[in-house]
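A.B. asks: So here's protein.tsv (TSV, C-alpha atoms and all ligand atoms).
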chain	number	residue	atom	x	y	z
D	1	MET	CA	66.94	37.89	55.58
D	2	GLN	CA	66.98	35.95	58.89
D	3	ASN	CA	70.45	34.59	58.11
D	4	ARG	CA	71.76	37.96	56.99
D	5	GLU	CA	70.44	39.51	60.20
D	6	ALA	CA	72.11	36.87	62.37
D	7	GLU	CA	75.41	37.24	60.52
D	8	LEU	CA	75.24	41.02	60.80
D	9	ALA	CA	74.50	40.83	64.53
D	10	SER	CA	77.47	38.59	65.12
D	11	GLU	CA	79.80	40.83	63.04
D	12	PHE	CA	78.50	43.82	64.99
D	13	GLU	CA	79.30	42.11	68.30
D	14	LYS	CA	82.82	41.32	67.16
D	15	LEU	CA	83.36	44.96	66.18
D	16	TYR	CA	81.72	46.79	69.07
D	17	GLN	CA	81.78	44.20	71.89
D	18	HIS	CA	78.03	44.39	72.47
D	19	SER	CA	74.83	43.32	70.70
D	20	PRO	CA	73.04	45.69	68.32
D	21	GLN	CA	69.88	47.39	69.63
D	22	ALA	CA	68.35	47.55	66.14
D	23	ILE	CA	68.78	45.82	62.78
D	24	CYS	CA	67.03	47.47	59.84
D	25	HIS	CA	66.73	46.84	56.12
D	26	ALA	CA	65.88	48.93	53.06
D	27	PRO	CA	65.57	47.48	49.54
D	28	GLY	CA	67.08	48.56	46.25
D	29	ARG	CA	64.72	49.03	43.32
D	30	VAL	CA	64.16	48.48	39.66
D	31	ASN	CA	62.13	50.92	37.62
D	32	LEU	CA	59.66	49.13	35.33
D	33	ILE	CA	58.89	52.26	33.32
D	34	GLY	CA	59.08	56.05	33.67
D	35	ASP	CA	62.72	57.10	33.54
D	36	HIS	CA	63.77	60.73	33.86
D	37	THR	CA	60.18	61.67	34.57
D	38	ASP	CA	60.39	61.96	38.38
D	39	TYR	CA	62.28	65.27	38.52
D	40	ASN	CA	59.84	66.63	35.94
D	41	GLN	CA	57.00	65.90	38.41
D	42	GLY	CA	55.67	63.13	36.15
D	43	PHE	CA	54.79	59.47	36.82
D	44	VAL	CA	57.04	56.48	37.54
D	45	LEU	CA	56.36	52.78	38.11
D	46	PRO	CA	59.18	51.13	40.11
D	47	ALA	CA	59.30	48.02	42.32
D	48	ALA	CA	61.44	47.28	45.39
D	49	ILE	CA	63.60	44.18	44.98
D	50	ASN	CA	65.13	41.43	47.10
D	51	PHE	CA	68.52	43.15	47.22
D	52	GLY	CA	69.12	45.85	49.78
D	53	THR	CA	71.07	47.38	52.62
D	54	ASP	CA	71.09	46.10	56.22
D	55	ILE	CA	72.26	48.12	59.19
D	56	ALA	CA	72.97	46.95	62.73
D	57	ALA	CA	73.12	49.75	65.30
D	58	SER	CA	73.41	50.78	68.93
D	59	LYS	CA	73.41	54.09	70.80
D	60	ARG	CA	76.62	55.54	72.24
D	61	ASP	CA	77.34	57.59	75.35
D	62	ASP	CA	79.07	60.37	73.40
D	63	ASN	CA	78.24	62.40	70.25
D	64	MET	CA	80.22	60.31	67.79
D	65	VAL	CA	78.86	58.35	64.85
D	66	VAL	CA	81.06	55.35	64.14
D	67	VAL	CA	80.16	53.64	60.89
D	68	VAL	CA	81.77	50.55	59.41
D	69	ALA	CA	81.04	49.39	55.83
D	70	ALA	CA	81.32	45.60	55.63
D	71	ASP	CA	81.32	45.76	51.82
D	72	PHE	CA	84.21	48.22	51.66
D	73	GLU	CA	86.67	46.01	53.52
D	74	PHE	CA	85.27	47.10	56.86
D	75	GLN	CA	86.35	50.70	56.26
D	76	LYS	CA	85.58	52.79	59.35
D	77	VAL	CA	84.50	56.44	59.35
D	78	GLU	CA	83.93	58.50	62.51
D	79	PHE	CA	82.37	61.92	62.89
D	80	SER	CA	80.57	63.97	65.51
D	81	ILE	CA	76.85	64.66	65.10
D	82	ASP	CA	77.66	68.32	65.87
D	83	ASP	CA	80.06	68.64	62.97
D	84	ILE	CA	79.04	66.94	59.71
D	85	PHE	CA	80.79	67.79	56.43
D	86	PRO	CA	80.96	65.94	53.10
D	87	SER	CA	84.22	64.43	51.90
D	88	ASN	CA	83.30	65.65	48.37
D	89	GLN	CA	84.84	62.48	46.96
D	90	ASN	CA	81.62	60.66	46.15
D	91	CYS	CA	82.38	58.38	49.05
D	92	TRP	CA	79.84	55.92	50.56
D	93	SER	CA	80.09	57.69	53.90
D	94	ASP	CA	78.75	60.94	52.41
D	95	TYR	CA	75.36	59.26	51.96
D	96	VAL	CA	75.40	58.32	55.63
D	97	LYS	CA	76.56	61.74	56.79
D	98	GLY	CA	74.14	63.67	54.58
D	99	THR	CA	71.17	61.60	55.69
D	100	ILE	CA	71.99	61.99	59.38
D	101	LYS	CA	72.56	65.73	58.93
D	102	GLU	CA	69.13	66.03	57.26
D	103	LEU	CA	67.46	64.03	60.05
D	104	LEU	CA	69.02	66.31	62.68
D	105	LYS	CA	67.16	69.26	61.14
D	106	TYR	CA	63.89	67.70	62.31
D	107	TYR	CA	64.73	65.66	65.40
D	108	ASP	CA	66.79	66.28	68.55
D	109	ILE	CA	69.14	63.35	68.76
D	110	HIS	CA	71.23	63.60	71.90
D	111	CYS	CA	73.85	60.93	71.38
D	112	GLY	CA	75.93	59.24	68.72
D	113	VAL	CA	75.59	55.71	67.32
D	114	ASN	CA	77.63	52.67	66.31
D	115	LEU	CA	76.66	51.37	62.88
D	116	LEU	CA	77.59	48.38	60.79
D	117	VAL	CA	76.37	48.61	57.19
D	118	SER	CA	76.16	45.71	54.78
D	119	GLY	CA	74.41	45.58	51.42
D	120	ASN	CA	74.00	43.30	48.43
D	121	VAL	CA	72.66	45.76	45.84
D	122	PRO	CA	75.17	45.61	42.97
D	123	GLN	CA	77.13	48.88	43.10
D	124	GLY	CA	76.93	51.28	40.18
D	125	ALA	CA	74.34	49.15	38.39
D	126	GLY	CA	71.45	51.61	38.61
D	127	LEU	CA	69.53	49.57	41.20
D	128	SER	CA	69.68	52.30	43.85
D	129	SER	CA	72.25	51.07	46.31
D	130	SER	CA	72.63	54.66	47.53
D	131	ALA	CA	68.90	55.27	48.08
D	132	SER	CA	68.64	51.99	49.98
D	133	LEU	CA	71.56	53.08	52.18
D	134	GLU	CA	69.93	56.45	52.91
D	135	VAL	CA	66.53	54.93	53.67
D	136	ALA	CA	68.09	52.20	55.84
D	137	ILE	CA	69.88	54.90	57.87
D	138	LEU	CA	66.61	56.75	58.46
D	139	LYS	CA	64.77	53.58	59.42
D	140	THR	CA	67.58	52.66	61.83
D	141	PHE	CA	67.43	56.04	63.58
D	142	SER	CA	63.64	55.88	63.67
D	143	VAL	CA	63.73	52.48	65.42
D	144	LEU	CA	66.69	53.28	67.68
D	145	PHE	CA	65.28	56.59	68.92
D	146	GLY	CA	61.55	55.81	68.60
D	147	LEU	CA	61.02	58.66	66.12
D	148	ASN	CA	57.92	57.22	64.43
D	149	LEU	CA	59.21	58.61	61.17
D	150	GLU	CA	56.75	58.14	58.31
D	151	GLY	CA	57.91	56.64	54.98
D	152	VAL	CA	57.08	59.44	52.54
D	153	LYS	CA	58.70	61.99	54.84
D	154	ALA	CA	61.76	59.75	55.16
D	155	ALA	CA	62.01	59.49	51.36
D	156	VAL	CA	61.92	63.29	50.99
D	157	MET	CA	64.62	63.66	53.65
D	158	ALA	CA	66.82	61.10	51.89
D	159	GLN	CA	66.36	62.83	48.53
D	160	THR	CA	67.19	66.22	50.06
D	161	ALA	CA	70.37	64.74	51.56
D	162	GLU	CA	71.39	63.43	48.16
D	163	ASN	CA	70.54	66.71	46.39
D	164	GLU	CA	72.11	69.07	48.90
D	165	PHE	CA	74.86	67.12	50.65
D	166	VAL	CA	76.06	64.64	48.01
D	167	GLY	CA	75.33	66.98	45.10
D	168	CYS	CA	73.31	64.68	42.87
D	169	GLN	CA	70.09	66.29	41.64
D	170	CYS	CA	68.14	63.00	41.65
D	171	GLY	CA	64.35	62.88	41.80
D	172	ILE	CA	62.23	61.21	44.48
D	173	MET	CA	61.63	57.80	42.88
D	174	ASP	CA	64.44	55.71	44.35
D	175	GLN	CA	64.03	56.81	47.95
D	176	LEU	CA	60.25	56.61	47.82
D	177	ILE	CA	60.09	53.07	46.45
D	178	SER	CA	62.78	51.92	48.91
D	179	ALA	CA	60.67	53.30	51.77
D	180	MET	CA	57.14	52.57	50.52
D	181	GLY	CA	57.32	49.66	48.03
D	182	GLU	CA	54.70	46.92	48.37
D	183	LYS	CA	55.44	43.20	48.21
D	184	GLU	CA	54.56	41.66	44.83
D	185	HIS	CA	53.42	45.04	43.48
D	186	ALA	CA	54.78	47.84	41.38
D	187	LEU	CA	54.06	51.31	42.73
D	188	LEU	CA	52.64	54.09	40.58
D	189	ILE	CA	54.09	57.31	41.98
D	190	ASP	CA	52.75	60.70	41.03
D	191	CYS	CA	55.92	62.69	41.60
D	192	GLU	CA	54.04	65.97	41.79
D	193	ASN	CA	52.01	65.16	44.89
D	194	LEU	CA	53.68	61.89	45.99
D	195	GLN	CA	50.45	59.93	45.80
D	196	LEU	CA	51.01	56.19	45.55
D	197	LYS	CA	48.94	53.47	43.92
D	198	LYS	CA	49.99	49.84	43.89
D	199	ILE	CA	49.42	47.38	41.07
D	200	LYS	CA	50.23	43.66	40.73
D	201	VAL	CA	52.61	42.68	37.99
D	202	PRO	CA	50.79	39.96	35.97
D	203	LYS	CA	51.69	36.57	37.44
D	204	GLU	CA	52.67	35.19	34.02
D	205	LEU	CA	55.68	37.54	34.00
D	206	SER	CA	58.97	37.04	35.86
D	207	LEU	CA	61.26	39.91	36.72
D	208	LEU	CA	64.72	39.36	35.27
D	209	ILE	CA	67.32	42.12	35.57
D	210	ILE	CA	70.38	41.99	33.33
D	211	ASN	CA	73.42	43.97	34.40
D	212	SER	CA	75.47	45.12	31.42
D	213	ASN	CA	78.38	45.62	33.81
D	214	VAL	CA	79.09	48.93	32.15
D	215	PRO	CA	79.63	51.05	35.25
D	216	ARG	CA	77.65	54.25	35.51
D	217	GLY	CA	78.45	57.24	37.70
D	218	LEU	CA	75.35	59.27	38.43
D	219	VAL	CA	76.99	62.27	40.07
D	220	ASP	CA	79.65	62.51	37.38
D	221	SER	CA	77.36	61.62	34.50
D	222	GLU	CA	75.24	63.87	32.38
D	223	TYR	CA	72.32	63.35	34.74
D	224	ASN	CA	72.39	66.83	36.23
D	225	SER	CA	72.70	68.42	32.80
D	226	ARG	CA	69.67	66.47	31.48
D	227	ARG	CA	67.69	67.76	34.46
D	228	LYS	CA	68.76	71.33	33.73
D	229	GLN	CA	67.75	70.98	30.08
D	230	CYS	CA	64.26	69.87	31.11
D	231	GLU	CA	63.93	72.78	33.53
D	232	GLN	CA	65.04	75.14	30.80
D	233	VAL	CA	62.29	73.88	28.49
D	234	ALA	CA	59.71	74.41	31.25
D	235	ILE	CA	60.94	77.99	31.70
D	236	SER	CA	60.91	78.67	27.95
D	237	LEU	CA	57.36	77.38	27.63
D	238	ASP	CA	56.23	79.14	30.78
D	239	VAL	CA	55.09	76.13	32.83
D	240	LEU	CA	56.03	75.14	36.38
D	241	SER	CA	57.43	71.80	35.20
D	242	LEU	CA	57.12	69.51	32.18
D	243	ARG	CA	54.28	67.80	34.05
D	244	HIS	CA	52.09	70.71	33.02
D	245	LEU	CA	52.65	70.24	29.29
D	246	LYS	CA	50.96	67.87	26.86
D	247	LEU	CA	52.60	66.39	23.79
D	248	THR	CA	50.31	68.48	21.61
D	249	ASP	CA	51.39	71.70	23.44
D	250	LEU	CA	54.99	70.75	22.90
D	251	GLN	CA	54.41	70.20	19.20
D	252	LYS	CA	52.67	73.58	18.89
D	253	ASN	CA	55.57	75.36	20.60
D	254	LYS	CA	58.33	73.55	18.75
D	255	SER	CA	59.70	76.76	17.24
D	256	LYS	CA	60.50	78.16	20.70
D	257	LEU	CA	62.95	75.31	21.37
D	258	ASP	CA	66.09	74.00	19.75
D	259	GLU	CA	66.00	70.45	18.35
D	260	GLU	CA	67.74	68.91	21.36
D	261	GLN	CA	65.45	70.58	23.88
D	262	PHE	CA	62.46	69.41	21.85
D	263	ILE	CA	63.42	65.73	21.80
D	264	ARG	CA	64.37	65.74	25.49
D	265	ALA	CA	60.93	67.09	26.40
D	266	ARG	CA	59.24	64.71	23.97
D	267	HIS	CA	60.80	61.81	25.85
D	268	VAL	CA	59.63	63.08	29.23
D	269	LEU	CA	56.04	63.66	28.11
D	270	SER	CA	55.65	60.44	26.14
D	271	GLU	CA	57.34	58.41	28.90
D	272	SER	CA	55.08	59.77	31.60
D	273	ASP	CA	52.04	58.82	29.47
D	274	ARG	CA	53.48	55.32	29.00
D	275	VAL	CA	53.64	54.88	32.79
D	276	ILE	CA	49.87	55.27	33.05
D	277	GLU	CA	49.38	52.99	30.05
D	278	LEU	CA	51.60	50.29	31.58
D	279	PHE	CA	49.71	50.54	34.87
D	280	ASP	CA	46.50	49.88	32.91
D	281	ALA	CA	48.12	47.08	30.89
D	282	PHE	CA	49.17	45.39	34.16
D	283	SER	CA	45.64	45.53	35.49
D	284	GLU	CA	44.23	44.22	32.18
D	285	GLY	CA	46.95	41.54	31.95
D	286	ASP	CA	47.56	42.69	28.36
D	287	LEU	CA	50.97	41.17	27.54
D	288	SER	CA	51.33	42.57	24.04
D	289	LYS	CA	50.59	46.09	25.30
D	290	ILE	CA	53.16	45.64	28.12
D	291	SER	CA	55.63	44.48	25.51
D	292	ARG	CA	55.02	47.43	23.16
D	293	LEU	CA	55.28	50.01	25.95
D	294	MET	CA	58.56	48.67	27.30
D	295	TYR	CA	60.25	48.66	23.89
D	296	GLN	CA	58.87	52.13	23.11
D	297	SER	CA	60.25	53.39	26.40
D	298	HIS	CA	63.68	52.03	25.53
D	299	GLU	CA	63.63	53.61	22.06
D	300	SER	CA	62.64	56.96	23.55
D	301	LEU	CA	65.43	56.85	26.16
D	302	LYS	CA	67.85	55.88	23.42
D	303	ASN	CA	66.86	58.30	20.67
D	304	ASP	CA	65.19	61.26	22.38
D	305	PHE	CA	66.75	61.42	25.82
D	306	GLU	CA	70.05	59.86	24.70
D	307	VAL	CA	70.93	58.19	27.97
D	308	SER	CA	71.26	54.63	26.69
D	309	CYS	CA	74.48	52.98	25.52
D	310	GLU	CA	75.52	50.38	22.94
D	311	GLN	CA	75.65	47.59	25.48
D	312	THR	CA	72.18	48.05	26.97
D	313	ASP	CA	70.74	48.61	23.46
D	314	PHE	CA	72.26	45.29	22.43
D	315	ILE	CA	70.81	43.39	25.40
D	316	VAL	CA	67.34	44.84	24.78
D	317	GLU	CA	67.57	43.86	21.10
D	318	VAL	CA	68.60	40.26	21.86
D	319	ALA	CA	65.83	39.92	24.47
D	320	ARG	CA	63.31	41.42	22.07
D	321	GLU	CA	64.15	38.95	19.31
D	322	LEU	CA	63.65	36.04	21.69
D	323	VAL	CA	60.63	37.26	23.64
D	324	GLY	CA	58.68	39.17	21.00
D	325	ASP	CA	55.30	40.32	22.29
D	326	LYS	CA	55.18	37.76	25.13
D	327	GLY	CA	57.06	40.19	27.40
D	328	GLY	CA	59.28	43.27	27.31
D	329	ALA	CA	62.74	44.68	28.00
D	330	ARG	CA	64.15	48.18	28.44
D	331	MET	CA	67.07	49.98	29.99
D	332	THR	CA	66.22	51.06	33.51
D	333	GLY	CA	67.28	53.89	35.82
D	334	GLY	CA	69.50	56.85	35.04
D	335	GLY	CA	71.18	55.18	32.05
D	336	PHE	CA	74.73	55.50	30.63
D	337	GLY	CA	75.25	51.79	31.35
D	338	GLY	CA	73.73	49.85	34.21
D	339	CYS	CA	70.86	47.41	33.85
D	340	VAL	CA	68.13	46.21	31.53
D	341	VAL	CA	64.83	45.17	33.12
D	342	CYS	CA	62.91	42.30	31.50
D	343	LEU	CA	59.39	41.11	32.24
D	344	ILE	CA	59.21	37.71	30.60
D	345	PRO	CA	57.38	34.40	30.88
D	346	GLN	CA	59.10	32.04	33.30
D	347	GLU	CA	59.68	29.39	30.62
D	348	MET	CA	61.81	31.85	28.62
D	349	ILE	CA	64.21	32.78	31.40
D	350	ASP	CA	66.84	30.13	30.67
D	351	LEU	CA	66.81	30.81	26.95
D	352	VAL	CA	67.15	34.58	27.43
D	353	LYS	CA	70.00	34.11	29.89
D	354	GLN	CA	71.90	31.72	27.63
D	355	GLU	CA	71.49	33.77	24.48
D	356	VAL	CA	72.22	37.15	26.06
D	357	GLU	CA	75.29	35.77	27.79
D	358	ALA	CA	76.70	34.18	24.63
D	359	GLN	CA	75.90	36.99	22.20
D	360	TYR	CA	76.93	39.77	24.61
D	361	TYR	CA	80.25	38.14	25.30
D	362	ARG	CA	80.91	37.60	21.59
D	363	ARG	CA	80.18	41.26	20.86
D	364	PHE	CA	81.71	43.11	23.83
D	365	SER	CA	84.03	40.54	25.52
D	366	LEU	CA	82.11	41.31	28.69
D	367	ALA	CA	80.02	38.99	30.86
D	368	PRO	CA	76.59	40.25	31.96
D	369	ASP	CA	75.08	39.37	35.36
D	370	PHE	CA	71.52	38.14	35.81
D	371	TYR	CA	69.28	38.71	38.82
D	372	LEU	CA	65.98	36.88	38.90
D	373	CYS	CA	64.15	39.09	41.38
D	374	SER	CA	61.17	39.01	43.65
D	375	ILE	CA	59.29	42.21	44.49
D	376	GLU	CA	59.61	43.09	48.17
D	377	GLY	CA	58.08	45.52	50.62
D	378	GLY	CA	59.69	48.88	51.43
D	379	SER	CA	61.55	49.67	54.62
D	380	PHE	CA	58.72	51.70	56.16
D	381	ILE	CA	55.93	49.31	55.20
D	382	HIS	CA	56.38	46.55	57.83
D	401	LIG	C1	68.20	57.91	39.00
D	401	LIG	C2	67.62	58.97	39.93
D	401	LIG	C3	66.09	58.92	39.91
D	401	LIG	C4	65.54	58.95	38.49
D	401	LIG	C5	66.28	57.94	37.61
D	401	LIG	C6	65.87	58.06	36.16
D	401	LIG	O1	67.91	56.63	39.47
D	401	LIG	O2	68.07	58.76	41.25
D	401	LIG	O3	65.57	59.96	40.69
D	401	LIG	O4	65.62	60.25	37.96
D	401	LIG	O5	67.68	58.08	37.68
D	401	LIG	O6	64.56	57.72	36.02
Reformat the file's structure so that it appears as structure tokens.

C.D. replies:
Amino acid sequence: MQNREAELASEFEKLYQHSPQAICHAPGRVNLIGDHTDYNQGFVLPAAINFGTDIAASKRDDNMVVVVAADFEFQKVEFSIDDIFPSNQNCWSDYVKGTIKELLKYYDIHCGVNLLVSGNVPQGAGLSSSASLEVAILKTFSVLFGLNLEGVKAAVMAQTAENEFVGCQCGIMDQLISAMGEKEHALLIDCENLQLKKIKVPKELSLLIINSNVPRGLVDSEYNSRRKQCEQVAISLDVLSLRHLKLTDLQKNKSKLDEEQFIRARHVLSESDRVIELFDAFSEGDLSKISRLMYQSHESLKNDFEVSCEQTDFIVEVARELVGDKGGARMTGGGFGGCVVCLIPQEMIDLVKQEVEAQYYRRFSLAPDFYLCSIEGGSFIH
């Protein structure tokens, strides 16, 4: 982090001919369990990781925002804070614009800013590079203008920007964990009331993320349609959200739904229950329970919610054969490609990496990437 900060400061000086007044960071995340439950007001259990977005910034004398993205060949975008519109091309700058526009609804900001953005969250891998960018923008403005913005509020603003400005109907999980994650802990989030409860991941387990390198596009994917389907079930069964249904209620009302609606809702309800069970298994240090819950979660995302893909299924299967009940693996995030998250004993890491790499390449002629991660604190926690 220190090195990245120093490098970013020196790049900033080269670009803008003065030193930055603030350098801020927000992490990406991996979800350990609870996928597609957040927008149904259920539970999730993510962790912030040691990959993230850094922003160096200074105030300007005029109303312009000048933003340069180091990772996109130093592409520069300029706009006035009085006139913010999306490009509608799913462009990185829309996340910046949308977040600033949202912030301006709540705070009087009287001048523009110079920004240099640099991140190392793998793009399109389902590790929330976009949420980390949004949260980093909010943290930067909070520091630069002394806004004293609070983390949960920042997360809601970032989510609103993504929903309304970018057009992706994501839930609150990614922004909230990027803002409020706790070092060495997973965070149980109740997405109905945004209450947070931290829990240590058992120390016997290492966090290994395997990127299938099958790119996933959230805005263009079936994400929004899955969300609509869930909302439709809630309407049909006369509840505010799927949070207010139990698996037994769903079973009783099966005849009011078509088969697809039924299995989608079954995933959401069973997955939300598994989140609580995994939280308990972490606190009990029960490895075989952790293992069972992670594989069950994957099966449910694959068969009931149908957001998995051949490649992530294959990685989970290879990991499962090697690790058995000493740890677990599951697809993580929105799905349709992206990453598999593994919690495995440290002594198995090399074996899992070697076998997954070899077998995956043989099957798909594609090389996976591996990230052995630490769990970091959120942007608004320091
Ligand atoms: C994406 C969304 C989140 C969440 C996950 C699936 O990451 O941004 O809000 O819905 O998919 O769990």

A.B. asks: When you look at range 306-310 of chain D with a cut-off of 7 Å (counting only C-alpha atoms), what residues show up, excluding the ones that are within fewer than 3 positions of it in the same chain? I need them as a list in words.

C.D. replies: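 Once the adjacent positions are removed, what remains is Leu301, Lys302, Asn303, Asp313, Phe314, Gly335, Phe336 and Gly337 of chain D.
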
A.B. asks: For Cys342 in chain D, which residue out of D:Leu257, D:Val67, D:Val113, D:Leu207 is the nearest one, using only C-alpha atoms?

C.D. replies: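 For Cys342 in chain D, the nearest of the candidates is D:Leu207.
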
A.B. asks: Between D:Val341, D:Ala47, D:Cys91, D:Cys168, which one has atoms that come closest to ligand LIG 401 (chain D), using all atoms listed in the file?

C.D. replies: D:Cys168

A.B. asks: May I have a table of the residues of chain D lying at most 9 Å from ligand LIG 401 (chain D), giving each one's closest pair of atoms and their distance in Å to one decimal, counting all atoms listed in the file, ordered by chain and ascending residue number, as JSON lines?

C.D. replies:
{"residue": "D:Val30", "atom": "CA", "partner": "D:LIG401", "partner_atom": "O1", "distance": 9.0}
{"residue": "D:Asn31", "atom": "CA", "partner": "D:LIG401", "partner_atom": "O6", "distance": 7.4}
{"residue": "D:Ile33", "atom": "CA", "partner": "D:LIG401", "partner_atom": "O6", "distance": 8.3}
{"residue": "D:Gly34", "atom": "CA", "partner": "D:LIG401", "partner_atom": "O6", "distance": 6.2}
{"residue": "D:Asp35", "atom": "CA", "partner": "D:LIG401", "partner_atom": "O6", "distance": 3.1}
{"residue": "D:His36", "atom": "CA", "partner": "D:LIG401", "partner_atom": "O6", "distance": 3.8}
{"residue": "D:Thr37", "atom": "CA", "partner": "D:LIG401", "partner_atom": "O6", "distance": 6.1}
{"residue": "D:Asp38", "atom": "CA", "partner": "D:LIG401", "partner_atom": "O4", "distance": 5.5}
{"residue": "D:Tyr39", "atom": "CA", "partner": "D:LIG401", "partner_atom": "O4", "distance": 6.1}
{"residue": "D:Asn40", "atom": "CA", "partner": "D:LIG401", "partner_atom": "O4", "distance": 8.8}
{"residue": "D:Val44", "atom": "CA", "partner": "D:LIG401", "partner_atom": "O6", "distance": 7.8}
{"residue": "D:Gly126", "atom": "CA", "partner": "D:LIG401", "partner_atom": "O1", "distance": 6.2}
{"residue": "D:Leu127", "atom": "CA", "partner": "D:LIG401", "partner_atom": "O1", "distance": 7.4}
{"residue": "D:Ser128", "atom": "CA", "partner": "D:LIG401", "partner_atom": "O1", "distance": 6.4}
{"residue": "D:Ser130", "atom": "CA", "partner": "D:LIG401", "partner_atom": "O2", "distance": 8.8}
{"residue": "D:Ala131", "atom": "CA", "partner": "D:LIG401", "partner_atom": "O2", "distance": 7.7}
{"residue": "D:Gln159", "atom": "CA", "partner": "D:LIG401", "partner_atom": "O3", "distance": 8.4}
{"residue": "D:Glu162", "atom": "CA", "partner": "D:LIG401", "partner_atom": "O2", "distance": 9.0}
{"residue": "D:Cys168", "atom": "CA", "partner": "D:LIG401", "partner_atom": "O2", "distance": 8.1}
{"residue": "D:Gln169", "atom": "CA", "partner": "D:LIG401", "partner_atom": "O2", "distance": 7.8}
{"residue": "D:Cys170", "atom": "CA", "partner": "D:LIG401", "partner_atom": "O3", "distance": 4.1}
{"residue": "D:Gly171", "atom": "CA", "partner": "D:LIG401", "partner_atom": "O3", "distance": 3.4}
{"residue": "D:Ile172", "atom": "CA", "partner": "D:LIG401", "partner_atom": "O3", "distance": 5.2}
{"residue": "D:Met173", "atom": "CA", "partner": "D:LIG401", "partner_atom": "O3", "distance": 5.0}
{"residue": "D:Asp174", "atom": "CA", "partner": "D:LIG401", "partner_atom": "O2", "distance": 5.7}
{"residue": "D:Gln175", "atom": "CA", "partner": "D:LIG401", "partner_atom": "O3", "distance": 8.1}
{"residue": "D:Leu218", "atom": "CA", "partner": "D:LIG401", "partner_atom": "C1", "distance": 7.3}
{"residue": "D:Tyr223", "atom": "CA", "partner": "D:LIG401", "partner_atom": "O5", "distance": 7.6}
{"residue": "D:Arg227", "atom": "CA", "partner": "D:LIG401", "partner_atom": "O4", "distance": 8.5}
{"residue": "D:Thr332", "atom": "CA", "partner": "D:LIG401", "partner_atom": "O6", "distance": 7.3}
{"residue": "D:Gly333", "atom": "CA", "partner": "D:LIG401", "partner_atom": "C6", "distance": 4.4}
{"residue": "D:Gly334", "atom": "CA", "partner": "D:LIG401", "partner_atom": "O5", "distance": 3.4}
{"residue": "D:Gly335", "atom": "CA", "partner": "D:LIG401", "partner_atom": "O5", "distance": 7.2}

A.B. asks: Using all atoms listed in the file, which of the listed residues (D:Ser118, D:Met157, D:Ser129, D:Gln311) sits closest to Glu73 in chain D?

C.D. replies: D:Ser118

A.B. asks: To one decimal place in Å, what is the distance between CA of Val65 in chain D and CA of Asn90 in chain D?

C.D. replies: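 Those two atoms sit 19.0 Å apart.
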
A.B. asks: Ser58 in chain D: which residues within 12 Å, counting all atoms listed in the file, same-chain residues fewer than 6 positions away excluded, as a list in words?

C.D. replies: Ala9, Phe12, Glu13, Leu15, Tyr16, Gln17, His18, Ser19, Pro20, Gln21, Ala22, Ile23, Cys24, Met64, Val65, Val66, Val67, Cys111, Gly112, Val113, Asn114, Leu115, Leu116, Thr140, Phe141, Val143, Leu144 and Phe145 of chain D

A.B. asks: Using CA of Leu366 in chain D and CA of Val340 in chain D as the two end points, give the distance in Å to one decimal.

C.D. replies: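 Interatomic distance, CA of Leu366 in chain D to CA of Val340 in chain D: 15.1 Å.
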
A.B. asks: Could you check the closest approach to Gln41 in chain D for each of D:Cys230, D:Cys373, D:Ile381, D:Ile315 and tell me which residue wins, using only C-alpha atoms?

C.D. replies: D:Cys230

A.B. asks: Just want the 12 Å neighbourhood of Leu242 in chain D, counted on only C-alpha atoms, with same-chain residues fewer than 6 positions away dropped. Output as a ChimeraX atom specification.

C.D. replies: /D:36-43,191-192,227-236,249-250,261-262,264-272

A.B. asks: Compile the contact shell of Glu102 in chain D as a CSV table (one decimal) with C-alpha atoms, in the coordinates of the input: residues with an atom at most 8 Å away, counting only C-alpha atoms, same-chain residues fewer than 5 positions apart removed.

C.D. replies:
chain,number,residue,atom,x,y,z
D,157,MET,CA,64.6,63.7,53.6
D,158,ALA,CA,66.8,61.1,51.9
D,160,THR,CA,67.2,66.2,50.1
D,161,ALA,CA,70.4,64.7,51.6

A.B. asks: Residues within 9 Å of (79.9, 47.4, 39.1), file coordinates, counting only C-alpha atoms: what are they? Give the list as a list in words.

C.D. replies: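 Residues with an atom at most 9 Å from (79.9, 47.4, 39.1): Pro122, Gln123, Gly124, Ala125, Asn211, Asn213, Val214, Pro215, Arg216 and Gly338 of chain D.
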
A.B. asks: List the spatial neighbours of Phe370 in chain D as an MDAnalysis selection string - criterion: any atom at most 7 Å away, only C-alpha atoms, same-chain residues fewer than 4 positions off excluded.

C.D. replies: chainID D and resid 208:211

A.B. asks: I need the residues from that last selection saved to file as a PDB file, keeping the file's coordinate frame (with C-alpha atoms), if you can.

C.D. replies:
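Contents of out30.pdb, as written:
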ATOM      1  CA  LEU D 208      64.720  39.360  35.270  1.00  0.00           C
ATOM      2  CA  ILE D 209      67.320  42.120  35.570  1.00  0.00           C
ATOM      3  CA  ILE D 210      70.380  41.990  33.330  1.00  0.00           C
ATOM      4  CA  ASN D 211      73.420  43.970  34.400  1.00  0.00           C
TER       5      ASN D 211
END

A.B. asks: Just checking: using all atoms listed in the file, which residue out of D:Ala26, D:Leu240, D:Ile290, D:Leu176 ends up closest to Asn120 in chain D?

C.D. replies: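 Closest residue, counting all atoms listed in the file: D:Ala26.
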
A.B. asks: Can you measure CA of Val117 in chain D to CA of Asn148 in chain D for me? One decimal in Å is fine.

C.D. replies: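 Atom-to-atom, CA of Val117 in chain D to CA of Asn148 in chain D, that is 21.6 Å.
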
A.B. asks: Under the rule that only C-alpha atoms are counted, which of D:Val135, D:Leu247, D:Val275, D:Ala367 is the nearest residue to Ile199 in chain D?

C.D. replies: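 Of the candidates, the smallest distance to Ile199 in chain D is held by D:Val275.
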